[in-house]
>>> print(open('query-v8.cif').read())   # mmCIF, C-alpha atoms and all ligand atoms
data_entry
loop_
_atom_site.label_atom_id
_atom_site.label_comp_id
_atom_site.auth_asym_id
_atom_site.auth_seq_id
_atom_site.Cartn_x
_atom_site.Cartn_y
_atom_site.Cartn_z
CA MET A 1 -15.22 15.50 93.94
CA GLN A 2 -17.74 13.44 92.04
CA GLU A 3 -19.09 16.57 90.51
CA LYS A 4 -15.64 17.60 89.46
CA LEU A 5 -15.16 14.23 87.79
CA LEU A 6 -18.49 14.59 86.03
CA ASN A 7 -17.51 18.02 84.70
CA LEU A 8 -14.14 16.74 83.58
CA LYS A 9 -15.83 13.90 81.73
CA ASN A 10 -18.30 16.18 79.94
CA GLU A 11 -15.62 18.67 79.06
CA ALA A 12 -13.29 15.98 77.75
CA LEU A 13 -15.93 14.20 75.64
CA ALA A 14 -17.10 17.48 74.10
CA GLN A 15 -13.53 18.38 73.15
CA ILE A 16 -12.78 14.96 71.76
CA MET A 17 -15.79 15.00 69.48
CA ALA A 18 -14.79 18.35 68.03
CA VAL A 19 -11.23 17.26 67.15
CA ARG A 20 -10.27 16.85 63.45
CA ASP A 21 -6.84 15.31 63.61
CA ASN A 22 -4.70 12.85 65.52
CA ASN A 23 -2.26 15.39 66.97
CA GLU A 24 -5.11 17.24 68.60
CA LEU A 25 -6.42 13.98 70.01
CA GLU A 26 -3.05 13.19 71.51
CA LYS A 27 -2.92 16.62 73.11
CA ILE A 28 -6.30 16.03 74.70
CA ARG A 29 -5.20 12.63 75.96
CA VAL A 30 -2.21 14.23 77.67
CA GLU A 31 -4.36 17.07 78.99
CA TYR A 32 -6.68 14.69 80.82
CA LEU A 33 -4.85 11.42 81.25
CA GLY A 34 -1.19 12.55 81.22
CA LYS A 35 0.79 10.61 83.84
CA ASN A 36 1.98 13.56 85.88
CA SER A 37 -0.33 16.46 85.40
CA GLY A 38 -3.33 15.23 83.44
CA LYS A 39 -6.49 16.83 84.78
CA LEU A 40 -8.04 13.46 85.62
CA THR A 41 -4.78 12.07 86.89
CA LEU A 42 -4.50 14.91 89.37
CA VAL A 43 -8.02 14.23 90.70
CA ILE A 44 -7.31 10.50 90.97
CA LYS A 45 -4.11 11.22 92.86
CA LYS A 46 -6.22 12.91 95.53
CA ILE A 47 -8.53 9.95 96.12
CA PRO A 48 -6.31 8.33 98.80
CA GLU A 49 -6.90 11.40 100.93
CA LEU A 50 -10.68 10.76 101.08
CA GLU A 51 -12.68 9.08 103.78
CA PRO A 52 -12.59 5.28 103.37
CA ASP A 53 -16.25 4.93 102.28
CA GLN A 54 -15.89 7.81 99.80
CA LYS A 55 -12.67 6.34 98.44
CA VAL A 56 -14.46 3.27 97.08
CA ILE A 57 -17.30 5.17 95.46
CA VAL A 58 -15.20 8.00 94.02
CA GLY A 59 -12.48 5.59 93.00
CA ARG A 60 -14.92 3.46 91.03
CA PHE A 61 -16.47 6.53 89.37
CA ALA A 62 -13.04 7.93 88.53
CA ASN A 63 -12.18 4.68 86.78
CA GLU A 64 -15.40 4.82 84.82
CA VAL A 65 -14.65 8.37 83.70
CA LYS A 66 -11.14 7.39 82.69
CA LYS A 67 -12.52 4.48 80.68
CA MET A 68 -15.10 6.72 79.02
CA ILE A 69 -12.44 9.25 77.99
CA GLU A 70 -10.18 6.51 76.65
CA ASP A 71 -13.04 4.98 74.66
CA ALA A 72 -14.02 8.35 73.26
CA LEU A 73 -10.42 8.95 72.15
CA GLU A 74 -10.33 5.56 70.38
CA ARG A 75 -13.67 6.10 68.72
CA GLN A 76 -12.71 9.52 67.45
CA LYS A 77 -9.39 8.20 66.17
CA ALA A 78 -11.15 5.44 64.24
CA LEU A 79 -13.66 7.91 62.85
CA LEU A 80 -10.90 10.23 61.62
CA GLN A 81 -9.10 7.30 60.00
CA LYS A 82 -12.25 6.22 58.18
CA GLU A 83 -12.89 9.74 56.92
CA ARG A 84 -9.33 9.96 55.63
CA GLU A 85 -9.71 6.68 53.69
CA GLU A 86 -12.96 7.84 52.20
CA ASN A 87 -11.34 11.08 51.06
CA ILE A 88 -8.54 9.20 49.35
CA ALA A 89 -10.99 6.86 47.67
CA GLU A 90 -12.92 9.87 46.43
CA ALA A 91 -9.80 11.50 45.03
CA GLU A 92 -8.89 8.27 43.24
CA TRP A 93 -12.30 7.54 41.91
CA ILE A 94 -12.26 6.62 38.26
CA ASP A 95 -15.07 7.37 35.89
CA VAL A 96 -15.22 4.15 33.91
CA THR A 97 -17.61 5.70 31.42
CA ILE A 98 -15.03 8.20 30.12
CA PRO A 99 -13.75 6.97 26.71
CA GLY A 100 -10.20 5.54 26.94
CA ILE A 101 -7.10 7.09 25.39
CA ARG A 102 -6.64 5.52 21.98
CA PRO A 103 -3.20 3.96 21.46
CA PRO A 104 -1.60 5.15 18.21
CA GLU A 105 -2.83 2.86 15.47
CA GLY A 106 -0.31 1.35 13.09
CA HIS A 107 -0.85 0.12 9.55
CA LEU A 108 0.92 -2.03 7.03
CA HIS A 109 4.22 -0.79 5.66
CA PRO A 110 3.94 0.45 2.04
CA LEU A 111 6.11 -2.44 0.87
CA THR A 112 3.88 -4.94 2.67
CA GLN A 113 0.75 -3.32 1.23
CA THR A 114 2.24 -3.51 -2.26
CA LEU A 115 3.26 -7.13 -1.75
CA ALA A 116 -0.24 -8.01 -0.50
CA ASP A 117 -1.72 -6.47 -3.66
CA VAL A 118 0.72 -8.36 -5.89
CA ILE A 119 -0.14 -11.62 -4.17
CA SER A 120 -3.89 -11.17 -4.32
CA LEU A 121 -3.70 -10.15 -7.98
CA SER A 122 -1.57 -13.22 -8.76
CA ARG A 123 -4.00 -15.49 -6.93
CA ARG A 124 -6.84 -14.10 -9.01
CA LEU A 125 -4.86 -15.03 -12.13
CA GLY A 126 -4.40 -18.57 -10.84
CA PHE A 127 -0.81 -18.31 -9.64
CA GLN A 128 0.39 -20.30 -6.66
CA ILE A 129 2.72 -18.60 -4.20
CA ALA A 130 6.10 -20.16 -3.46
CA ALA A 131 8.97 -19.14 -1.20
CA GLY A 132 12.60 -20.14 -1.30
CA PRO A 133 15.96 -19.68 0.38
CA GLU A 134 17.74 -16.34 0.53
CA ILE A 135 21.04 -18.14 1.04
CA GLU A 136 21.37 -19.97 -2.24
CA THR A 137 23.85 -22.11 -4.11
CA ASP A 138 25.64 -20.69 -7.12
CA ASN A 139 24.07 -23.58 -8.98
CA TYR A 140 20.44 -22.53 -8.49
CA ASN A 141 21.08 -18.80 -8.50
CA PHE A 142 23.15 -18.82 -11.71
CA GLU A 143 24.03 -22.06 -13.45
CA LYS A 144 20.55 -23.56 -13.61
CA VAL A 145 19.22 -20.32 -15.10
CA ASN A 146 21.79 -20.53 -17.84
CA MET A 147 24.38 -18.23 -16.29
CA PRO A 148 27.59 -20.28 -16.27
CA PRO A 149 30.64 -18.97 -14.37
CA ASP A 150 31.98 -17.17 -17.43
CA SER A 151 28.71 -15.45 -18.31
CA PRO A 152 29.24 -11.71 -18.65
CA SER A 153 25.71 -11.24 -17.27
CA ARG A 154 26.99 -12.19 -13.85
CA ASP A 155 28.66 -8.79 -13.75
CA THR A 156 25.24 -7.13 -13.69
CA GLN A 157 24.38 -9.04 -10.55
CA ALA A 158 27.45 -8.45 -8.37
CA SER A 159 26.98 -10.91 -5.56
CA PHE A 160 27.61 -11.38 -1.90
CA TYR A 161 29.32 -14.77 -1.67
CA LEU A 162 29.35 -16.28 1.77
CA ASP A 163 32.49 -17.29 3.59
CA PRO A 164 32.26 -21.08 3.91
CA ARG A 165 35.17 -21.49 6.35
CA GLY A 166 34.47 -24.26 8.82
CA SER A 167 31.94 -26.02 6.56
CA LYS A 168 32.13 -28.53 3.71
CA VAL A 169 31.07 -25.89 1.21
CA GLN A 170 33.73 -24.65 -1.20
CA PRO A 171 34.45 -20.92 -1.61
CA GLY A 172 32.16 -19.48 -4.30
CA GLU A 173 29.46 -22.10 -3.78
CA ILE A 174 26.96 -20.20 -1.69
CA LEU A 175 25.76 -16.63 -1.87
CA LEU A 176 22.86 -14.36 -1.00
CA ARG A 177 20.50 -14.81 -3.94
CA THR A 178 20.68 -12.00 -6.44
CA HIS A 179 17.19 -12.59 -7.85
CA THR A 180 14.10 -14.68 -7.27
CA SER A 181 14.83 -16.53 -10.53
CA ASN A 182 16.62 -19.06 -8.33
CA MET A 183 13.17 -20.51 -7.68
CA GLN A 184 12.40 -21.32 -11.31
CA SER A 185 14.47 -24.50 -11.27
CA ARG A 186 13.63 -25.37 -7.67
CA VAL A 187 9.90 -25.38 -8.46
CA MET A 188 10.18 -26.95 -11.92
CA GLU A 189 12.28 -29.83 -10.60
CA LYS A 190 9.61 -30.72 -8.08
CA SER A 191 6.39 -30.16 -10.02
CA LYS A 192 4.72 -30.97 -13.29
CA PRO A 193 3.17 -28.47 -15.72
CA PRO A 194 0.85 -26.68 -15.92
CA LEU A 195 2.69 -24.31 -13.58
CA ARG A 196 1.70 -20.81 -12.61
CA VAL A 197 3.90 -19.66 -9.78
CA LEU A 198 4.66 -16.38 -8.04
CA VAL A 199 7.74 -16.07 -5.84
CA PRO A 200 8.09 -12.95 -3.75
CA GLY A 201 11.28 -12.53 -1.75
CA LYS A 202 14.31 -10.62 -0.71
CA CYS A 203 17.39 -10.41 -2.91
CA TYR A 204 20.85 -8.94 -2.46
CA ARG A 205 23.40 -7.34 -4.75
CA VAL A 206 26.62 -5.47 -4.20
CA ASP A 207 25.86 -1.88 -5.10
CA ASP A 208 26.45 1.70 -4.10
CA VAL A 209 23.44 2.78 -2.07
CA ASP A 210 21.76 5.88 -3.53
CA ALA A 211 18.27 7.24 -4.25
CA SER A 212 17.47 4.34 -6.58
CA HIS A 213 19.78 1.51 -5.47
CA ASN A 214 19.98 -0.58 -2.37
CA ILE A 215 21.99 -3.68 -1.56
CA GLU A 216 18.90 -5.49 -0.36
CA PHE A 217 15.57 -5.28 -2.11
CA TYR A 218 12.39 -7.23 -2.72
CA GLN A 219 11.55 -8.86 -6.02
CA PHE A 220 8.80 -11.04 -7.22
CA GLU A 221 9.10 -13.55 -9.96
CA GLY A 222 6.19 -14.93 -11.89
CA PHE A 223 6.47 -17.87 -14.23
CA VAL A 224 4.19 -20.05 -16.24
CA VAL A 225 5.08 -23.36 -17.87
CA ASP A 226 2.72 -25.43 -19.98
CA ARG A 227 2.19 -26.75 -23.49
CA GLY A 228 1.77 -23.98 -26.03
CA ILE A 229 2.69 -20.93 -23.92
CA SER A 230 3.71 -18.12 -26.25
CA LEU A 231 5.11 -14.60 -26.21
CA THR A 232 1.62 -13.13 -26.50
CA ASP A 233 0.69 -14.83 -23.22
CA LEU A 234 3.66 -13.09 -21.65
CA LEU A 235 2.85 -9.67 -23.08
CA GLY A 236 -0.82 -9.90 -22.18
CA THR A 237 -0.15 -11.07 -18.63
CA VAL A 238 2.52 -8.47 -17.91
CA ASP A 239 0.44 -5.68 -19.41
CA TYR A 240 -2.57 -6.69 -17.28
CA PHE A 241 -0.40 -7.07 -14.17
CA LEU A 242 1.13 -3.62 -14.45
CA LYS A 243 -2.14 -1.89 -15.25
CA GLU A 244 -3.82 -3.53 -12.26
CA LEU A 245 -1.00 -2.53 -9.93
CA ILE A 246 -0.63 1.01 -11.23
CA PRO A 247 -4.07 1.99 -12.50
CA GLY A 248 -4.09 4.25 -15.52
CA THR A 249 -0.49 3.61 -16.48
CA GLU A 250 0.75 3.06 -20.00
CA VAL A 251 3.04 0.14 -20.74
CA LYS A 252 5.60 -0.40 -23.47
CA PHE A 253 7.97 -3.25 -24.24
CA TYR A 254 11.52 -3.36 -25.54
CA ALA A 255 13.61 -6.27 -26.65
CA THR A 256 16.57 -6.95 -24.38
CA HIS A 257 18.79 -9.78 -23.21
CA PHE A 258 18.69 -12.13 -20.24
CA ASP A 259 20.61 -15.39 -20.16
CA PHE A 260 17.59 -17.27 -18.89
CA THR A 261 15.00 -16.07 -21.38
CA GLU A 262 14.82 -16.07 -25.17
CA PRO A 263 13.46 -13.80 -26.49
CA SER A 264 13.70 -11.31 -23.62
CA VAL A 265 11.51 -8.31 -23.05
CA GLU A 266 11.78 -5.28 -20.80
CA ALA A 267 8.63 -3.46 -19.71
CA TYR A 268 8.45 0.27 -19.14
CA ILE A 269 5.65 2.31 -17.66
CA ARG A 270 4.99 6.04 -17.85
CA CYS A 271 6.97 7.58 -15.03
CA THR A 272 4.49 8.23 -12.24
CA ILE A 273 6.81 10.66 -10.52
CA CYS A 274 6.87 13.27 -13.29
CA GLY A 275 3.83 12.03 -15.22
CA GLY A 276 6.02 11.51 -18.28
CA LYS A 277 7.56 14.98 -18.45
CA GLY A 278 10.99 13.70 -17.50
CA CYS A 279 12.67 13.83 -14.10
CA ALA A 280 15.76 12.64 -12.26
CA TYR A 281 14.08 9.33 -11.42
CA CYS A 282 13.34 8.37 -15.04
CA LYS A 283 16.55 10.03 -16.22
CA ASN A 284 14.45 12.50 -18.20
CA GLN A 285 12.97 9.78 -20.36
CA GLY A 286 9.41 10.03 -19.08
CA TRP A 287 9.36 6.21 -18.92
CA SER A 288 10.59 3.99 -16.17
CA GLU A 289 11.86 0.46 -16.57
CA VAL A 290 9.95 -1.78 -14.20
CA LEU A 291 10.27 -5.35 -15.19
CA GLY A 292 12.41 -7.95 -16.97
CA SER A 293 10.78 -10.89 -18.67
CA GLY A 294 10.96 -13.35 -21.52
CA MET A 295 10.25 -16.83 -22.75
CA ILE A 296 12.03 -19.29 -20.49
CA HIS A 297 15.22 -20.40 -22.22
CA PRO A 298 15.15 -24.03 -23.44
CA HIS A 299 18.34 -24.66 -21.42
CA VAL A 300 16.61 -23.65 -18.22
CA LEU A 301 13.72 -25.99 -18.90
CA LYS A 302 16.12 -28.79 -19.77
CA PHE A 303 18.30 -28.26 -16.67
CA ALA A 304 15.13 -28.56 -14.57
CA GLY A 305 14.12 -31.82 -16.25
CA MET A 306 11.45 -30.46 -18.63
CA ASP A 307 11.40 -31.30 -22.31
CA PRO A 308 11.55 -27.94 -24.16
CA HIS A 309 10.02 -29.58 -27.25
CA ILE A 310 6.86 -30.25 -25.26
CA TYR A 311 6.74 -27.38 -22.80
CA THR A 312 7.31 -23.67 -23.12
CA GLY A 313 6.94 -20.97 -20.56
CA PHE A 314 7.45 -17.34 -19.72
CA ALA A 315 8.91 -15.62 -16.69
CA PHE A 316 8.95 -12.09 -15.38
CA GLY A 317 10.83 -10.53 -12.51
CA MET A 318 10.01 -7.21 -10.95
CA GLY A 319 11.43 -5.15 -8.13
CA LEU A 320 8.79 -4.79 -5.46
CA THR A 321 10.65 -1.83 -4.02
CA ARG A 322 10.62 -0.10 -7.36
CA LEU A 323 6.93 -0.82 -7.77
CA ALA A 324 6.23 0.71 -4.35
CA ILE A 325 8.28 3.78 -5.27
CA LEU A 326 6.30 4.29 -8.44
CA ARG A 327 2.95 3.67 -6.77
CA TYR A 328 3.57 6.09 -3.94
CA GLN A 329 5.65 8.55 -5.98
CA LEU A 330 8.66 8.47 -3.70
CA ASP A 331 11.84 9.93 -5.05
CA ASP A 332 14.22 8.04 -2.79
CA ILE A 333 14.25 4.28 -2.27
CA ARG A 334 15.84 4.74 1.16
CA LEU A 335 12.62 6.28 2.48
CA LEU A 336 11.07 2.83 2.40
CA HIS A 337 13.56 1.57 4.92
CA SER A 338 13.39 4.65 7.07
CA LEU A 339 12.26 4.27 10.65
CA ASP A 340 10.99 7.83 10.66
CA MET A 341 7.30 7.66 11.54
CA ARG A 342 6.67 10.97 9.79
CA VAL A 343 7.52 9.21 6.54
CA LEU A 344 5.67 5.98 7.22
CA GLU A 345 2.51 7.59 8.57
CA GLN A 346 1.80 9.08 5.15
CA PHE A 347 0.87 5.81 3.50
N1 LIG A 401 16.01 -12.07 -12.73
C1 LIG A 401 15.98 -10.85 -13.50
C2 LIG A 401 16.61 -9.74 -12.66
O1 LIG A 401 16.65 -9.84 -11.49
C3 LIG A 401 14.59 -10.47 -13.88
C4 LIG A 401 13.94 -11.45 -14.80
C5 LIG A 401 13.17 -12.48 -14.29
C6 LIG A 401 14.10 -11.36 -16.16
C7 LIG A 401 12.57 -13.39 -15.14
C8 LIG A 401 13.52 -12.27 -17.00
C9 LIG A 401 12.74 -13.25 -16.49
O2 LIG A 401 17.08 -8.75 -13.21
#
>>> encode(input="query-v8.cif", output="structure tokens")
Amino acid sequence: MQEKLLNLKNEALAQIMAVRDNNELEKIRVEYLGKNSGKLTLVIKKIPELEPDQKVIVGRFANEVKKMIEDALERQKALLQKEREENIAEAEWIDVTIPGIRPPEGHLHPLTQTLADVISLSRRLGFQIAAGPEIETDNYNFEKVNMPPDSPSRDTQASFYLDPRGSKVQPGEILLRTHTSNMQSRVMEKSKPPLRVLVPGKCYRVDDVDASHNIEFYQFEGFVVDRGISLTDLLGTVDYFLKELIPGTEVKFYATHFDFTEPSVEAYIRCTICGGKGCAYCKNQGWSEVLGSGMIHPHVLKFAGMDPHIYTGFAFGMGLTRLAILRYQLDDIRLLHSLDMRVLEQF
């Protein structure tokens, strides 16, 4: 019987070591140790029939064999588990030396790039940058720049007045600013000449949206106030400004009218879209109006507390959106507010 046990043990251990998965192991366990008909179990069941002195010896040996088979099963199980973990780790191994996937790289919006260029150019010319409110009083937006309520010029700047219900403000008192000229008086009231100021900002006008009009747009306003500022300072500065911003362009000036400047001057540049041949954008003129300017009206200086007999100044206001259009040769202003990456990626 001892020999039988020895054979069973050898047979079982050999089988266990050859097994590759847990189901097989379980089958082997049942084959040898199964409660009813396991090979070892059957041998053990016969032990009580042995002679008393044999019983003790065989019984002890049978227990040892059982323990050895159980241990071998456990060991093999642990080995299989370890191998499985190693396989998974191998499958998930990451090569940290492979270059990463580059996230798509953004860049500044064409309007922001244009604004940054305007600001750095202005700084070079000694201008300080100022910012002001987009929700403005009628007083600063219109009256202080010499546009009283009955001024016909107000019609050219159809405005979004704000509904003041529930506040102390009277109807018609506050609006979305129609131009950055609102900042002329705000700055002049608080500072002393010499002044060289640039005010970039958003403005709003009631309009029908089309290829060249939008109800919200960016402007920048430059103004200079000091003793002895003359029209030639204005013309020279504007000419330099435009030629720096749109290299190679030609500039021409026309007399015009603004309530807040006297005399007033409009600047045109060669249309960059058609190169001067004439197109829908420049209304076949070959020239595109880009900027309004003039010598600051004595009334405006006076309203802001400056003595127009001592100080003179010039101001210019330009649509940043229009400048961007001309720089990048876009034929529709709405493209600048498009969220379509195919458009924006081109700049
Ligand atoms: N505020 C004017 C406009 O928006 C532009 C301008 C500014 C004209 C300063 C003259 C001087 O149309």
>>> residues_near_ligand(input="query-v8.cif", ligand="ligand LIG 401 (chain A)", cutoff="9 Å", atoms="only C-alpha atoms and all ligand atoms", output="PyMOL selection string")
chain A and resi 156-157+178-182+184+203+219-223+257-261+264-266+291-296+314-319
>>> residues_around(input="query-v8.cif", residues="Met147 (chain A)", least_positions_apart="5", cutoff="10 Å", atoms="all atoms listed in the file", output="PDB file with C-alpha atoms, in the frame of the given file")
ATOM      1  CA  ASP A 138      25.640 -20.690  -7.120  1.00  0.00           C
ATOM      2  CA  ASN A 139      24.070 -23.580  -8.980  1.00  0.00           C
ATOM      3  CA  TYR A 140      20.440 -22.530  -8.490  1.00  0.00           C
ATOM      4  CA  ASN A 141      21.080 -18.800  -8.500  1.00  0.00           C
ATOM      5  CA  PHE A 142      23.150 -18.820 -11.710  1.00  0.00           C
ATOM      6  CA  PRO A 152      29.240 -11.710 -18.650  1.00  0.00           C
ATOM      7  CA  SER A 153      25.710 -11.240 -17.270  1.00  0.00           C
ATOM      8  CA  ARG A 154      26.990 -12.190 -13.850  1.00  0.00           C
ATOM      9  CA  PHE A 258      18.690 -12.130 -20.240  1.00  0.00           C
ATOM     10  CA  ASP A 259      20.610 -15.390 -20.160  1.00  0.00           C
ATOM     11  CA  PHE A 260      17.590 -17.270 -18.890  1.00  0.00           C
ATOM     12  CA  VAL A 300      16.610 -23.650 -18.220  1.00  0.00           C
TER      13      VAL A 300
END
>>> closest_residue(input="query-v8.cif", among="A:Ile129, A:Asp226, A:Leu40, A:Asp331", to="Glu11 (chain A)", atoms="all atoms listed in the file")
A:Leu40
>>> closest_residue(input="query-v8.cif", among="A:Ala267, A:Leu175, A:Ile44, A:Ile215", to="Ile333 (chain A)", atoms="all atoms listed in the file")
A:Ile215
>>> closest_residue(input="query-v8.cif", among="A:Ala280, A:Val118, A:Leu320, A:Met17", to="Ala211 (chain A)", atoms="only C-alpha atoms")
A:Ala280
>>> atom_distance(input="query-v8.cif", atom1="CA of Asp307 (chain A)", atom2="CA of Thr237 (chain A)")
23.6 Å
>>> residues_near_point(input="query-v8.cif", point="(-0.1, -23.5, -26.7)", cutoff="10 Å", atoms="only C-alpha atoms", output="ChimeraX atom specification")
/A:226-230,233,310-313
>>> closest_atom_pairs(input="query-v8.cif", of="region 122-236 of chain A", to="region 106-114 of chain A", cutoff="12 Å", atoms="all atoms listed in the file", output="CSV")
residue,atom,partner,partner_atom,distance
A:Pro200,CA,A:Thr112,CA,11.1
A:Gly201,CA,A:Thr112,CA,11.5
A:Lys202,CA,A:Leu111,CA,11.7
A:Phe217,CA,A:Leu111,CA,10.3
A:Tyr218,CA,A:Leu111,CA,8.7
A:Gln219,CA,A:Leu111,CA,10.9
A:Phe220,CA,A:Thr114,CA,11.2
>>> atom_distance(input="query-v8.cif", atom1="CA of Leu115 (chain A)", atom2="CA of Leu198 (chain A)")
11.3 Å
>>> closest_residue(input="query-v8.cif", among="A:Glu289, A:Glu136, A:Glu189, A:Asp340", to="Thr256 (chain A)", atoms="all atoms listed in the file")
A:Glu289
>>> decode(input="query-v8.cif", residues="region 146-160 of chain A", atoms="N, CA and C atoms", output="CSV table (one decimal), in the first residue's frame")
chain,number,residue,atom,x,y,z
A,146,ASN,N,-19.1,117.0,-28.3
A,146,ASN,CA,-19.7,118.0,-29.1
A,146,ASN,C,-20.9,117.5,-30.0
A,147,MET,N,-21.5,116.4,-29.5
A,147,MET,CA,-22.7,115.9,-30.2
A,147,MET,C,-23.9,116.0,-29.4
A,148,PRO,N,-24.5,117.2,-29.3
A,148,PRO,CA,-25.7,117.4,-28.5
A,148,PRO,C,-26.9,116.6,-29.0
A,149,PRO,N,-28.0,116.5,-28.2
A,149,PRO,CA,-29.1,115.6,-28.6
A,149,PRO,C,-29.6,115.9,-30.0
A,150,ASP,N,-29.5,117.1,-30.5
A,150,ASP,CA,-30.1,117.4,-31.8
A,150,ASP,C,-29.1,117.3,-32.9
A,151,SER,N,-27.9,116.8,-32.6
A,151,SER,CA,-26.9,116.8,-33.7
A,151,SER,C,-27.3,115.7,-34.7
A,152,PRO,N,-27.3,116.1,-36.0
A,152,PRO,CA,-27.7,115.1,-37.0
A,152,PRO,C,-26.6,114.0,-37.1
A,153,SER,N,-25.4,114.3,-36.6
A,153,SER,CA,-24.4,113.2,-36.7
A,153,SER,C,-24.8,112.0,-35.9
A,154,ARG,N,-25.6,112.2,-34.9
A,154,ARG,CA,-26.0,111.0,-34.1
A,154,ARG,C,-26.7,109.9,-34.9
A,155,ASP,N,-27.3,110.4,-36.0
A,155,ASP,CA,-27.9,109.4,-36.9
A,155,ASP,C,-26.9,108.4,-37.5
A,156,THR,N,-25.7,108.9,-37.7
A,156,THR,CA,-24.7,108.0,-38.3
A,156,THR,C,-24.2,107.0,-37.2
A,157,GLN,N,-24.5,107.2,-36.0
A,157,GLN,CA,-24.1,106.2,-35.0
A,157,GLN,C,-25.3,105.7,-34.2
A,158,ALA,N,-26.2,105.1,-34.9
A,158,ALA,CA,-27.4,104.6,-34.3
A,158,ALA,C,-27.1,103.7,-33.1
A,159,SER,N,-27.7,104.0,-32.0
A,159,SER,CA,-27.2,103.4,-30.7
A,159,SER,C,-28.1,102.4,-30.0
A,160,PHE,N,-27.5,101.6,-29.3
A,160,PHE,CA,-28.2,100.7,-28.4
A,160,PHE,C,-28.3,101.4,-27.0
